[in-house]
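Colleague: Below: one structure in structure tokens.
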Amino acid sequence: MALVNPDFAEELKAFGVDTALECFNCGTCAAICPLIFEHFPRKMIRYVQVGATEKILQQAQELWRCLHCGLCTQTCPRQADPAELILGLRRYVVDRWRRA
Amino acid sequence: MYNPRDIINLIGANVRKSRNPFGIPSSQINTWWREAPGFTRRPGDALLLTGLMYQAIPYIEATTRYLERLEDSRWADYLRFAPLSRYIPSFVVGRGLACLTSRAEKKQFNRILVSMCRLLTQSAADFFYHPEMDFYSGILLYDLGDQEGFVEHAKFVARNLKLHGVQKIITVDPHTTYALKELYPKYTGVSFDVQPYFALLRPHQVSRGNGRPPVAIHDPCFYGRYLKVSEMPRQLLTDLGLPYTEVRNCGEFTSCCGGPAESVSPALNREILDRRVAELKASGAPVVTFCPICLANLLKAGLPVEDLASLLDRNW
Ligand code: SF4
Ligand code: SF4
């Protein structure tokens, strides 16, 4: 059973991520993303929304597949800025590694 | 795919040591200016800051060739569970890497910077260049998520540029342009007036390129989408009478060449690159681009491709 952290989206604001709750999971970003990889980045954004911190840490390496190409942000209908969200998650994970 | 943690640690340590991602003195990487025609160290209005990206390509390519061989080898699985740095004796650290780089490649990328310098001079741009003030922007640290490392380095660069009275900066690649224009004000509190070199070019003669076959434009993501300056190079080509053709996915909707994946997964880079190459090949025209990472990546795919500066310089 996965533990959820209801304050996760709030915690991420310190890492420059403050748009996760704008996302309504339409999947446009995953459809346009050149990685064509397991609903990326939508899946990660959903994890943030539901506070699945552990899931993100388990799959952290996937965050570094992102090319920072910005296509997802360009096409997101909710201005959720998924590309920046992925970068913010990298900052969060690096911080966790360093503090571990 | 390599463990990003190892890559971040390596690159972070190199930047702290040498102020560039390779752990080699910047003076050893930055030699293009020795062949540049009539540049001046001062006075001048704007500092030409290359950010060392064009000069870095031969070093990145040498690194990638090494990583690519490892990633595809039977060691790949083993590497996934071990700190990468143990298996890379000196590939991103100092002299070992310098020995792996090819002289021809260095010359090829240095020549592009010389072309930019010549184009700026011929356009009567009021600029100066000083090798000691030509800093790496730290953009790779930012992209990798090493925020602490990026901010420390960016503050060092911003402080030094301000100390030398620099207000205006001319950049030559999209990644450095983005870092200085968008990230430095946000994370260092220091703002500069930043413009890419092609914004300052003023062709005098029109129609020099009449009768040439068209070139296909590959827009780099950061110029096309993030900075939205795709029109400028197109205008220059038009002004010089050089025909161009648009490919599927261009301008704000350009496709990534895959280059940014290179530091953590050369194999992923190849996968994305192959798809972009197919789009570019469909145009049937030789390709022109304006980013050193895109250029190196497309060259690797065997495409006929050149930098915008080389094309402009030849037809100026
Ligand atoms: S980030 Fe934007 S494009 Fe992606 S699923 Fe959410 S709303 Fe849709
Ligand atoms: S920025 Fe990253 S997540 Fe977004 S489309 Fe590009 S590769 Fe995919």
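Naming scheme: A, B, ... for chains in displayed order of the structure tokens; residues 1 onward per chain; ligands 1 onward as shown.
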If we count only C-alpha atoms, which residues of chain B reach to within 9 Å of chain A? Please list them as a VMD selection string.
Modeller: chain B and resid 1 to 5 8 142 to 148 221 to 222 225 to 226 252 to 256 258 to 261 264 to 265 268 271 to 272
Colleague: Throw together the list of residues within 8 Å of ligand 1, counting only C-alpha atoms and all ligand atoms, and drop it here as a list of chain:residue names.
Modeller: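 The neighbouring residues of ligand 1 are, in order, A:Ala20, A:Glu22, A:Cys23, A:Phe24, A:Asn25, A:Cys26, A:Gly27, A:Thr28, A:Cys29, A:Ala30, A:Pro41, A:Arg42, A:Ile45, A:Cys72, A:Thr73, A:Thr75, A:Cys76, A:Pro77, A:Arg78, A:Gln79, A:Ala80, A:Asp81, A:Pro82.
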Colleague: If you count only C-alpha atoms, which residues fall within 8 Å of range 295-303 of chain B, apart from same-chain ones fewer than 2 positions away, as a short mmCIF file (atom, residue, chain, number, x, y, z; two decimals) with N, CA, C and O atoms, in the first residue's frame?
Modeller:
```cif
data_model
loop_
_atom_site.label_atom_id
_atom_site.label_comp_id
_atom_site.auth_asym_id
_atom_site.auth_seq_id
_atom_site.Cartn_x
_atom_site.Cartn_y
_atom_site.Cartn_z
N ILE B 57 31.72 21.41 -27.72
CA ILE B 57 31.18 20.27 -28.47
C ILE B 57 32.19 19.13 -28.67
O ILE B 57 31.87 17.97 -28.41
N GLU B 61 31.34 15.45 -27.41
CA GLU B 61 31.31 14.32 -28.34
C GLU B 61 32.26 13.21 -27.91
O GLU B 61 31.93 12.03 -27.99
N CYS B 257 15.99 17.65 -31.07
CA CYS B 257 16.91 16.74 -31.76
C CYS B 257 17.37 15.61 -30.85
O CYS B 257 18.03 14.68 -31.29
N GLY B 258 17.09 15.73 -29.55
CA GLY B 258 17.50 14.68 -28.61
C GLY B 258 18.77 15.00 -27.84
O GLY B 258 19.10 14.32 -26.87
N GLY B 259 19.48 16.02 -28.28
CA GLY B 259 20.78 16.38 -27.69
C GLY B 259 20.80 16.46 -26.17
O GLY B 259 21.73 15.95 -25.54
N LEU B 273 16.80 11.47 -31.95
CA LEU B 273 17.52 12.02 -33.11
C LEU B 273 17.04 11.37 -34.40
O LEU B 273 16.76 12.06 -35.39
N ASP B 274 16.91 10.05 -34.41
CA ASP B 274 16.50 9.36 -35.63
C ASP B 274 15.15 9.86 -36.12
O ASP B 274 14.93 10.01 -37.33
N VAL B 277 15.62 13.35 -37.61
CA VAL B 277 16.35 13.26 -38.88
C VAL B 277 15.39 12.87 -40.01
O VAL B 277 15.46 13.41 -41.11
N LYS B 281 14.97 15.00 -43.32
CA LYS B 281 15.33 14.37 -44.60
C LYS B 281 14.18 14.49 -45.60
O LYS B 281 14.41 14.59 -46.81
N PRO B 286 19.55 20.49 -47.82
CA PRO B 286 20.55 20.52 -46.75
C PRO B 286 20.03 21.34 -45.58
O PRO B 286 19.23 22.26 -45.77
N VAL B 287 20.47 21.01 -44.38
CA VAL B 287 19.89 21.61 -43.18
C VAL B 287 20.76 22.73 -42.63
O VAL B 287 21.99 22.66 -42.71
N THR B 289 21.09 25.08 -38.99
CA THR B 289 20.58 25.22 -37.63
C THR B 289 21.40 26.27 -36.90
O THR B 289 22.40 26.78 -37.43
N PHE B 290 21.01 26.61 -35.67
CA PHE B 290 21.72 27.68 -34.95
C PHE B 290 21.88 27.35 -33.47
O PHE B 290 21.59 28.17 -32.61
N CYS B 291 22.35 26.15 -33.23
CA CYS B 291 22.64 25.72 -31.86
C CYS B 291 23.76 24.68 -31.96
O CYS B 291 23.68 23.77 -32.79
N PRO B 292 24.80 24.80 -31.16
CA PRO B 292 25.92 23.85 -31.29
C PRO B 292 25.53 22.42 -30.96
O PRO B 292 26.06 21.47 -31.54
N ILE B 293 24.59 22.26 -30.01
CA ILE B 293 24.20 20.89 -29.62
C ILE B 293 23.41 20.24 -30.75
O ILE B 293 23.66 19.09 -31.13
N VAL B 305 24.51 19.24 -42.90
CA VAL B 305 24.02 20.31 -42.03
C VAL B 305 25.14 21.29 -41.73
O VAL B 305 26.30 20.90 -41.64
N GLU B 306 24.77 22.56 -41.63
CA GLU B 306 25.77 23.54 -41.21
C GLU B 306 25.14 24.59 -40.31
O GLU B 306 23.92 24.71 -40.23
N ASP B 307 25.99 25.35 -39.65
CA ASP B 307 25.51 26.38 -38.75
C ASP B 307 25.10 27.60 -39.56
O ASP B 307 25.70 27.92 -40.60
#
```
Colleague: When you count only C-alpha atoms and all ligand atoms, which of these residues is closest to ligand 2: A:Leu21, A:Ala83, A:Ala31, A:Val48?
Modeller: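 Counting only C-alpha atoms and all ligand atoms, the residue closest to ligand 2 is A:Ala83.
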Colleague: Take CA of Gly241 in chain B and CA of Ser123 in chain B and report the distance between them in Å, one decimal.
Modeller: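 Calculated distance between CA of Gly241 in chain B and CA of Ser123 in chain B is 17.0 Å.
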Colleague: DSSP says alpha helix (DSSP H) for which residues of range 226-283 of chain B? Put them as a PyMOL selection string?
Modeller: chain B and resi 231-239+266-281
Colleague: Compile the contact shell of Gln55 in chain B as a list in words: residues with an atom at most 9 Å away, counting only C-alpha atoms, same-chain residues fewer than 2 positions apart removed.
Modeller: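 Here the answer would be Ile29, Asn30, Thr31, Trp32, Thr50, Gly51, Leu52, Met53, Ile57, Pro58, Tyr59, Lys106, Phe109, Asn110, Leu113 and Pro292 of chain B.
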Colleague: Could those residues be written to a file, using N, CA and C atoms, as a short mmCIF file (atom, residue, chain, number, x, y, z; two decimals), in the first residue's frame?
Modeller:
```cif
data_model
loop_
_atom_site.label_atom_id
_atom_site.label_comp_id
_atom_site.auth_asym_id
_atom_site.auth_seq_id
_atom_site.Cartn_x
_atom_site.Cartn_y
_atom_site.Cartn_z
N ILE B 29 40.09 25.27 -23.40
CA ILE B 29 38.95 25.00 -24.28
C ILE B 29 38.70 26.19 -25.20
N ASN B 30 38.93 27.38 -24.67
CA ASN B 30 38.53 28.60 -25.38
C ASN B 30 39.70 29.22 -26.16
N THR B 31 39.90 28.73 -27.38
CA THR B 31 41.04 29.22 -28.16
C THR B 31 40.62 29.85 -29.49
N TRP B 32 39.31 29.87 -29.79
CA TRP B 32 38.83 30.32 -31.09
C TRP B 32 39.29 31.72 -31.44
N THR B 50 30.46 33.82 -25.51
CA THR B 50 30.10 32.58 -26.21
C THR B 50 29.55 31.54 -25.24
N GLY B 51 29.86 31.68 -23.95
CA GLY B 51 29.39 30.70 -22.96
C GLY B 51 30.07 29.35 -23.12
N LEU B 52 31.08 29.30 -23.99
CA LEU B 52 31.92 28.09 -24.21
C LEU B 52 31.17 26.90 -24.80
N MET B 53 29.95 27.12 -25.30
CA MET B 53 29.17 25.97 -25.78
C MET B 53 29.70 25.42 -27.10
N ILE B 57 31.72 21.41 -27.72
CA ILE B 57 31.18 20.27 -28.47
C ILE B 57 32.19 19.13 -28.67
N PRO B 58 33.42 19.42 -29.10
CA PRO B 58 34.35 18.29 -29.26
C PRO B 58 34.55 17.51 -27.96
N TYR B 59 34.46 18.17 -26.82
CA TYR B 59 34.63 17.50 -25.53
C TYR B 59 33.39 16.68 -25.20
N LYS B 106 37.59 20.43 -33.20
CA LYS B 106 37.79 21.70 -32.50
C LYS B 106 37.86 22.84 -33.50
N PHE B 109 34.38 23.76 -35.05
CA PHE B 109 33.48 24.55 -34.20
C PHE B 109 34.07 25.93 -33.89
N ASN B 110 35.38 26.03 -33.80
CA ASN B 110 36.01 27.35 -33.60
C ASN B 110 35.73 28.25 -34.80
N LEU B 113 32.57 30.27 -34.65
CA LEU B 113 32.66 31.46 -33.79
C LEU B 113 33.39 32.59 -34.53
N PRO B 292 24.80 24.80 -31.16
CA PRO B 292 25.92 23.85 -31.29
C PRO B 292 25.53 22.42 -30.96
#
```
Colleague: Could you pull the residues within 6 Å of range 160-175 of chain B, counting only C-alpha atoms, minus those fewer than 2 positions along the same chain, as JSON, numbers by chain?
Modeller: {"B": [46, 47, 48, 49, 50, 157, 158, 177, 178, 192, 193, 194, 195, 196, 197, 222, 223, 291]}
Colleague: Excluding Ala9 in chain A and any residue of its chain fewer than 2 positions from it, enumerate the residues within 12 Å of it, using only C-alpha atoms, and give them as a PyMOL selection string.
Modeller: chain A and resi 4-7+11-22+44-53+85+88-89+92
Colleague: Quick one: of A:Leu3, A:Gln59, A:Ile32, A:Glu10, who's nearest to ligand 2, counting only C-alpha atoms and all ligand atoms?
Modeller: A:Ile32
Colleague: One decimal, Å: what's the distance from CA of Phe135 in chain B over to atom 7 (S, counted along the ligand's line) of ligand 2, could you say?
Modeller: 27.6 Å
Colleague: If you count only C-alpha atoms, which residues fall within 10 Å of Phe156 in chain B, apart from same-chain ones fewer than 5 positions away, as a ChimeraX atom specification?
Modeller: /B:19,135,137,150-151,161,188
